[in-house]
>>> print(open('work.csv').read())   # CSV, C-alpha atoms and all ligand atoms
chain,number,residue,atom,x,y,z
A,1,MET,CA,12.3,-18.1,69.1
A,2,THR,CA,11.9,-21.2,71.0
A,3,SER,CA,15.0,-20.9,73.1
A,4,THR,CA,14.9,-21.6,76.8
A,5,LYS,CA,17.2,-20.6,79.7
A,6,LYS,CA,18.6,-24.1,79.6
A,7,GLN,CA,20.1,-23.8,76.2
A,8,ALA,CA,23.8,-23.1,75.8
A,9,VAL,CA,24.3,-19.4,75.4
A,10,LYS,CA,27.6,-17.8,74.5
A,11,LEU,CA,28.4,-14.1,74.2
A,12,SER,CA,31.6,-13.0,72.4
A,13,TYR,CA,32.6,-9.6,73.8
A,14,SER,CA,35.4,-7.2,74.0
A,15,PRO,CA,36.1,-4.9,77.0
A,16,GLN,CA,34.7,-1.4,76.7
A,17,ALA,CA,32.9,-2.3,73.5
A,18,CYS,CA,29.2,-2.3,72.6
A,19,SER,CA,29.0,-6.0,73.8
A,20,PHE,CA,28.5,-4.4,77.2
A,21,VAL,CA,24.9,-3.9,76.2
A,22,PRO,CA,23.9,-7.5,75.6
A,23,HIS,CA,26.0,-8.5,78.6
A,24,VAL,CA,23.8,-6.3,80.8
A,25,ALA,CA,20.7,-7.8,79.1
A,26,LEU,CA,21.8,-11.3,79.9
A,27,CYS,CA,22.3,-10.4,83.5
A,28,GLU,CA,18.9,-8.7,83.6
A,29,ALA,CA,17.3,-11.8,82.1
A,30,GLY,CA,19.1,-14.1,84.5
A,31,ILE,CA,20.6,-16.1,81.6
A,32,GLU,CA,23.8,-17.9,82.4
A,33,ALA,CA,26.1,-17.3,79.4
A,34,GLU,CA,29.6,-18.3,78.6
A,35,LEU,CA,31.6,-15.1,77.9
A,36,ILE,CA,34.2,-15.4,75.2
A,37,LEU,CA,36.8,-12.7,74.8
A,38,ALA,CA,37.1,-11.5,71.2
A,39,GLN,CA,39.5,-8.6,71.7
A,40,VAL,CA,38.8,-5.7,69.3
A,41,GLY,CA,42.0,-5.0,67.4
A,42,ASN,CA,43.3,-8.6,68.0
A,43,MET,CA,40.5,-10.9,66.9
A,44,SER,CA,41.3,-14.5,66.5
A,45,LYS,CA,40.9,-16.5,63.3
A,46,GLU,CA,38.3,-18.6,65.1
A,47,PHE,CA,36.3,-15.5,65.9
A,48,GLU,CA,36.6,-14.3,62.3
A,49,ALA,CA,35.2,-17.6,61.1
A,50,LEU,CA,32.3,-17.2,63.6
A,51,ASN,CA,31.5,-13.7,62.5
A,52,PRO,CA,33.1,-12.7,59.1
A,53,LYS,CA,32.0,-9.1,59.8
A,54,CYS,CA,34.6,-9.2,62.6
A,55,ARG,CA,32.5,-7.3,65.1
A,56,VAL,CA,31.2,-8.0,68.6
A,57,PRO,CA,28.7,-8.6,70.0
A,58,VAL,CA,28.1,-12.2,68.7
A,59,LEU,CA,25.5,-14.3,70.5
A,60,ALA,CA,25.4,-18.1,70.0
A,61,ILE,CA,22.3,-19.9,71.2
A,62,GLU,CA,23.1,-23.6,70.6
A,63,GLU,CA,23.9,-23.7,66.8
A,64,GLU,CA,22.4,-20.3,66.0
A,65,VAL,CA,24.9,-17.5,65.6
A,66,ILE,CA,23.4,-14.1,65.9
A,67,THR,CA,25.1,-10.8,65.1
A,68,GLU,CA,24.0,-7.1,65.1
A,69,MET,CA,23.0,-5.4,68.2
A,70,SER,CA,19.2,-5.2,67.7
A,71,ALA,CA,19.1,-8.9,66.7
A,72,VAL,CA,21.2,-10.0,69.6
A,73,LEU,CA,19.1,-8.1,72.1
A,74,THR,CA,15.9,-9.4,70.5
A,75,ALA,CA,17.2,-12.9,70.9
A,76,ILE,CA,18.1,-12.4,74.5
A,77,ALA,CA,14.7,-10.8,75.3
A,78,SER,CA,12.9,-13.6,73.7
A,79,ILE,CA,14.5,-16.2,76.0
A,80,THR,CA,13.0,-14.5,79.0
A,81,PRO,CA,9.9,-12.5,78.0
A,82,GLU,CA,9.0,-12.0,81.6
A,83,ALA,CA,11.9,-9.6,82.0
A,84,HIS,CA,10.2,-7.2,79.5
A,85,LEU,CA,13.5,-6.0,78.2
A,86,PHE,CA,11.7,-4.5,75.2
A,87,GLY,CA,9.1,-2.8,77.3
A,88,GLN,CA,5.7,-3.6,78.7
A,89,ASN,CA,3.6,-3.0,75.6
A,90,THR,CA,3.9,-2.7,71.8
A,91,MET,CA,4.4,1.1,71.8
A,92,GLU,CA,7.2,0.7,74.3
A,93,THR,CA,8.8,-2.0,72.1
A,94,VAL,CA,8.6,0.4,69.2
A,95,ARG,CA,10.4,3.1,71.3
A,96,VAL,CA,13.1,0.7,72.3
A,97,TYR,CA,13.8,-0.2,68.7
A,98,GLU,CA,13.8,3.5,67.9
A,99,TRP,CA,16.6,4.0,70.5
A,100,LEU,CA,18.5,1.0,69.4
A,101,ASN,CA,18.5,1.9,65.7
A,102,TYR,CA,19.5,5.5,66.5
A,103,LEU,CA,22.3,4.4,68.9
A,104,SER,CA,23.6,1.7,66.5
A,105,THR,CA,23.7,3.9,63.4
A,106,THR,CA,23.8,7.7,64.0
A,107,ALA,CA,25.7,7.4,67.3
A,108,HIS,CA,27.9,4.3,67.0
A,109,ALA,CA,28.5,3.6,63.3
A,110,GLN,CA,28.6,7.2,62.2
A,111,SER,CA,29.6,9.5,65.0
A,112,PHE,CA,31.9,7.5,67.3
A,113,ALA,CA,33.3,5.4,64.4
A,114,SER,CA,34.4,8.5,62.5
A,115,VAL,CA,36.6,9.5,65.5
A,116,TRP,CA,37.9,6.0,66.3
A,117,ARG,CA,37.9,4.3,63.0
A,118,THR,CA,38.6,7.2,60.7
A,119,GLU,CA,40.3,4.9,58.2
A,120,ARG,CA,36.9,3.6,57.3
A,121,PHE,CA,35.8,7.1,56.2
A,122,THR,CA,38.7,8.2,54.1
A,123,GLY,CA,41.9,7.0,52.4
A,124,ASP,CA,43.4,10.4,52.8
A,125,ASP,CA,45.4,10.7,56.1
A,126,GLU,CA,45.3,14.5,55.8
A,127,ALA,CA,41.6,14.4,56.1
A,128,TYR,CA,41.6,12.7,59.5
A,129,PRO,CA,41.7,15.8,61.7
A,130,SER,CA,38.6,17.4,60.0
A,131,ILE,CA,36.7,14.1,60.0
A,132,GLN,CA,37.5,13.5,63.7
A,133,THR,CA,36.6,17.1,64.6
A,134,ARG,CA,33.2,16.7,62.9
A,135,GLY,CA,32.8,13.3,64.5
A,136,VAL,CA,33.2,14.8,68.0
A,137,GLU,CA,30.6,17.5,67.1
A,138,ASN,CA,28.3,14.7,65.9
A,139,VAL,CA,28.8,12.8,69.2
A,140,LYS,CA,27.9,16.0,71.1
A,141,ASP,CA,24.7,16.3,68.9
A,142,VAL,CA,23.8,12.8,70.0
A,143,TYR,CA,24.3,13.7,73.6
A,144,ALA,CA,22.2,16.8,73.2
A,145,LEU,CA,19.4,14.7,71.6
A,146,VAL,CA,19.5,12.2,74.4
A,147,GLU,CA,19.5,15.0,77.0
A,148,GLY,CA,16.3,16.5,75.3
A,149,LYS,CA,14.5,13.1,75.0
A,150,LEU,CA,15.2,12.1,78.6
A,151,SER,CA,14.1,15.6,79.8
A,152,GLU,CA,10.8,15.1,78.1
A,153,HIS,CA,10.3,11.7,79.8
A,154,GLU,CA,9.7,11.8,83.6
A,155,SER,CA,11.1,8.4,84.4
A,156,ASP,CA,14.2,6.7,85.7
A,157,TYR,CA,14.3,4.8,82.4
A,158,ALA,CA,14.6,5.8,78.8
A,159,VAL,CA,11.3,4.0,77.7
A,160,GLY,CA,8.2,3.7,79.9
A,161,SER,CA,8.7,3.2,83.6
A,162,SER,CA,10.9,0.1,83.6
A,163,PHE,CA,14.4,-1.0,82.6
A,164,THR,CA,14.8,-1.9,78.9
A,165,VAL,CA,17.8,-2.7,76.7
A,166,ALA,CA,17.8,1.0,75.6
A,167,ASP,CA,19.1,1.8,79.0
A,168,PRO,CA,22.5,0.0,78.9
A,169,PHE,CA,23.1,1.3,75.4
A,170,LEU,CA,22.6,4.9,76.6
A,171,ILE,CA,24.8,4.2,79.6
A,172,LEU,CA,27.5,2.8,77.3
A,173,ILE,CA,27.7,5.9,75.1
A,174,TYR,CA,27.8,8.0,78.3
A,175,PHE,CA,30.9,6.0,79.4
A,176,TRP,CA,32.4,6.6,75.9
A,177,ALA,CA,32.4,10.3,76.6
A,178,ALA,CA,35.3,9.8,79.0
A,179,LYS,CA,37.4,8.4,76.1
A,180,LEU,CA,36.8,11.6,74.2
A,181,ASN,CA,37.3,13.8,77.3
A,182,ILE,CA,33.8,15.2,77.1
A,183,MET,CA,32.7,16.5,80.4
A,184,MET,CA,29.1,15.4,80.7
A,185,GLU,CA,27.6,16.8,83.9
A,186,ALA,CA,27.5,20.5,83.1
A,187,SER,CA,26.2,20.2,79.5
A,188,TYR,CA,23.9,17.2,80.0
A,189,PRO,CA,22.5,17.3,83.5
A,190,ARG,CA,19.4,15.2,82.9
A,191,TYR,CA,21.4,12.5,81.1
A,192,SER,CA,24.0,12.5,83.9
A,193,SER,CA,21.5,12.1,86.7
A,194,TYR,CA,19.8,9.3,84.7
A,195,VAL,CA,23.1,7.4,84.4
A,196,GLY,CA,24.0,8.2,88.0
A,197,ARG,CA,20.9,6.5,89.2
A,198,LEU,CA,21.4,3.4,87.1
A,199,LEU,CA,25.1,2.8,87.8
A,200,SER,CA,24.4,0.8,91.0
A,201,ARG,CA,22.0,-1.6,89.3
A,202,PRO,CA,23.3,-5.1,89.8
A,203,SER,CA,23.3,-6.0,86.0
A,204,ILE,CA,25.4,-2.9,85.3
A,205,VAL,CA,27.8,-3.6,88.2
A,206,GLU,CA,28.2,-7.2,87.0
A,207,ALA,CA,28.9,-6.3,83.3
A,208,LEU,CA,31.3,-3.6,84.3
A,209,LYS,CA,33.5,-6.3,86.0
A,210,PHE,CA,34.3,-7.5,82.4
A,211,ASN,CA,34.7,-4.0,81.0
A,212,VAL,CA,37.5,-2.5,82.9
A,213,GLY,CA,38.2,1.0,81.6
A,214,LEU,CA,34.6,1.9,81.1
A,215,ARG,CA,34.2,4.8,83.5
A,216,VAL,CA,32.7,8.3,84.0
A,217,LEU,CA,35.1,11.3,84.3
A,218,SER,CA,33.3,12.4,87.5
A,219,ALA,CA,30.6,10.5,89.3
A,220,PRO,CA,27.2,11.9,88.1
A,221,ARG,CA,24.8,13.2,90.7
A,222,LYS,CA,21.7,11.0,91.1
A,301,LIG,N1,26.7,-3.3,63.3
A,301,LIG,C1,27.3,-3.9,64.5
A,301,LIG,C2,28.5,-3.1,64.9
A,301,LIG,C3,29.2,-3.6,66.1
A,301,LIG,C4,30.5,-3.0,66.2
A,301,LIG,O1,31.0,-2.1,65.5
A,301,LIG,N2,31.3,-3.4,67.3
A,301,LIG,C5,32.6,-3.0,67.5
A,301,LIG,C6,32.8,-2.9,69.0
A,301,LIG,S1,31.9,-1.5,69.8
A,301,LIG,C7,33.6,-3.9,66.9
A,301,LIG,O2,33.5,-5.1,67.1
A,301,LIG,N3,34.6,-3.4,66.3
A,301,LIG,C8,35.7,-4.2,65.8
A,301,LIG,C9,36.6,-3.3,64.9
A,301,LIG,O3,36.3,-2.2,64.7
A,301,LIG,O4,37.6,-3.9,64.4
A,301,LIG,C10,26.3,-4.0,65.6
A,301,LIG,O5,25.5,-3.1,65.7
A,301,LIG,O6,26.3,-5.0,66.3
>>> encode(input="work.csv", output="structure tokens")
Amino acid sequence: MTSTKKQAVKLSYSPQACSFVPHVALCEAGIEAELILAQVGNMSKEFEALNPKCRVPVLAIEEEVITEMSAVLTAIASITPEAHLFGQNTMETVRVYEWLNYLSTTAHAQSFASVWRTERFTGDDEAYPSIQTRGVENVKDVYALVEGKLSEHESDYAVGSSFTVADPFLILIYFWAAKLNIMMEASYPRYSSYVGRLLSRPSIVEALKFNVGLRVLSAPRK
């Protein structure tokens, strides 16, 4: 991409949604973006026209409208390559995409969505409880996998030894545990301490101002 920091950048977001991740990335990259509220559950006709998939995040760079998490994050990172948001070398970039794809698909679109958007998985209301129960189990499997991967990796970050866009995505799904009343510290201590250390990072603090309601049930130890 040939974008520069001077181009008009707009992020459509919804509080507590996955748009938190590109918001953090924009802050990390030092890109001034206009934030446009596209409330999940009450999206405007204008937003539906912008993204007929009716999902946030949507990033607009001048006339380019970009959807889908990995694409949005790639676009942000390409504006400010010096921020190394996809890692410091090719293998780290590969690992960042490995996290993003897992978190977007297995974690978000399959596990969380089956609990929160059960109507997308069945037309049978009576099947909801069993799908949601399995969904919560799947979410816990995701947390267990994250716990294991982070435990194998002696770093304050998920990939390499610097902050990448994998980090805010992992923090986001940690916050989502509170919505499901999953107590994280006892079961996932490594994941909890990782999140605890990153919570005071300025980009996270800034993005949280637009995401009231994202929280942890108890402050994780650092
Ligand atoms: N495949 C999309 C999915 C994004 C997505 O599901 N976003 C949620 C918010 S976390 C959304 O906009 N949901 C609107 C709805 O379910 O009506 C991506 O990875 O960007």
>>> residues_near_ligand(input="work.csv", ligand="ligand LIG 301 (chain A)", cutoff="7 Å", atoms="all atoms listed in the file", output="VMD selection string")
chain A and resid 17 to 19 40 to 41 54 to 57 67 to 70 104 109 117
>>> residues_near_point(input="work.csv", point="(19.4, -13.8, 82.9)", cutoff="12 Å", atoms="all atoms listed in the file", output="JSON, numbers by chain")
{"A": [4, 5, 6, 9, 22, 23, 24, 25, 26, 27, 28, 29, 30, 31, 32, 33, 34, 76, 77, 78, 79, 80, 81, 82, 83, 84, 85, 202, 203, 206]}
>>> residues_around(input="work.csv", residues="Tyr194 (chain A)", least_positions_apart="4", cutoff="10 Å", atoms="only C-alpha atoms", output="list in words")
Glu147, Leu150, Ser151, Ser155, Asp156, Tyr157, Ala158, Asp167, Leu170, Ile171, Pro189, Arg190, Leu198, Leu199, Pro220, Arg221 and Lys222 of chain A
>>> residues_around(input="work.csv", residues="Ala107 (chain A)", least_positions_apart="2", cutoff="12 Å", atoms="all atoms listed in the file", output="MDAnalysis selection string")
chainID A and resid 18 99:105 109:115 135:146 169:170 172:174 176:177
>>> atom_distance(input="work.csv", atom1="CA of Val72 (chain A)", atom2="CA of Val58 (chain A)")
7.3 Å
>>> atom_distance(input="work.csv", atom1="CA of Glu92 (chain A)", atom2="CA of Thr164 (chain A)")
9.3 Å
>>> atom_distance(input="work.csv", atom1="CA of Phe163 (chain A)", atom2="CA of Phe86 (chain A)")
8.6 Å
>>> closest_residue(input="work.csv", among="A:Thr133, A:Ser218, A:Thr122, A:Ser12", to="Leu59 (chain A)", atoms="only C-alpha atoms")
A:Ser12
>>> closest_residue(input="work.csv", among="A:Val65, A:Met184, A:Val21, A:Ala75", to="Ile204 (chain A)", atoms="only C-alpha atoms")
A:Val21
>>> closest_residue(input="work.csv", among="A:Val165, A:Glu48, A:Tyr191, A:Trp116", to="His153 (chain A)", atoms="all atoms listed in the file")
A:Tyr191
>>> closest_residue(input="work.csv", among="A:Leu50, A:Val195, A:Ile131, A:Val205", to="Thr118 (chain A)", atoms="only C-alpha atoms")
A:Ile131
>>> closest_residue(input="work.csv", among="A:Asn211, A:Asn181, A:Ser162, A:Asn51", to="Val96 (chain A)", atoms="all atoms listed in the file")
A:Ser162
>>> closest_residue(input="work.csv", among="A:Phe175, A:Tyr128, A:Leu180, A:Glu46", to="Gly196 (chain A)", atoms="only C-alpha atoms")
A:Phe175
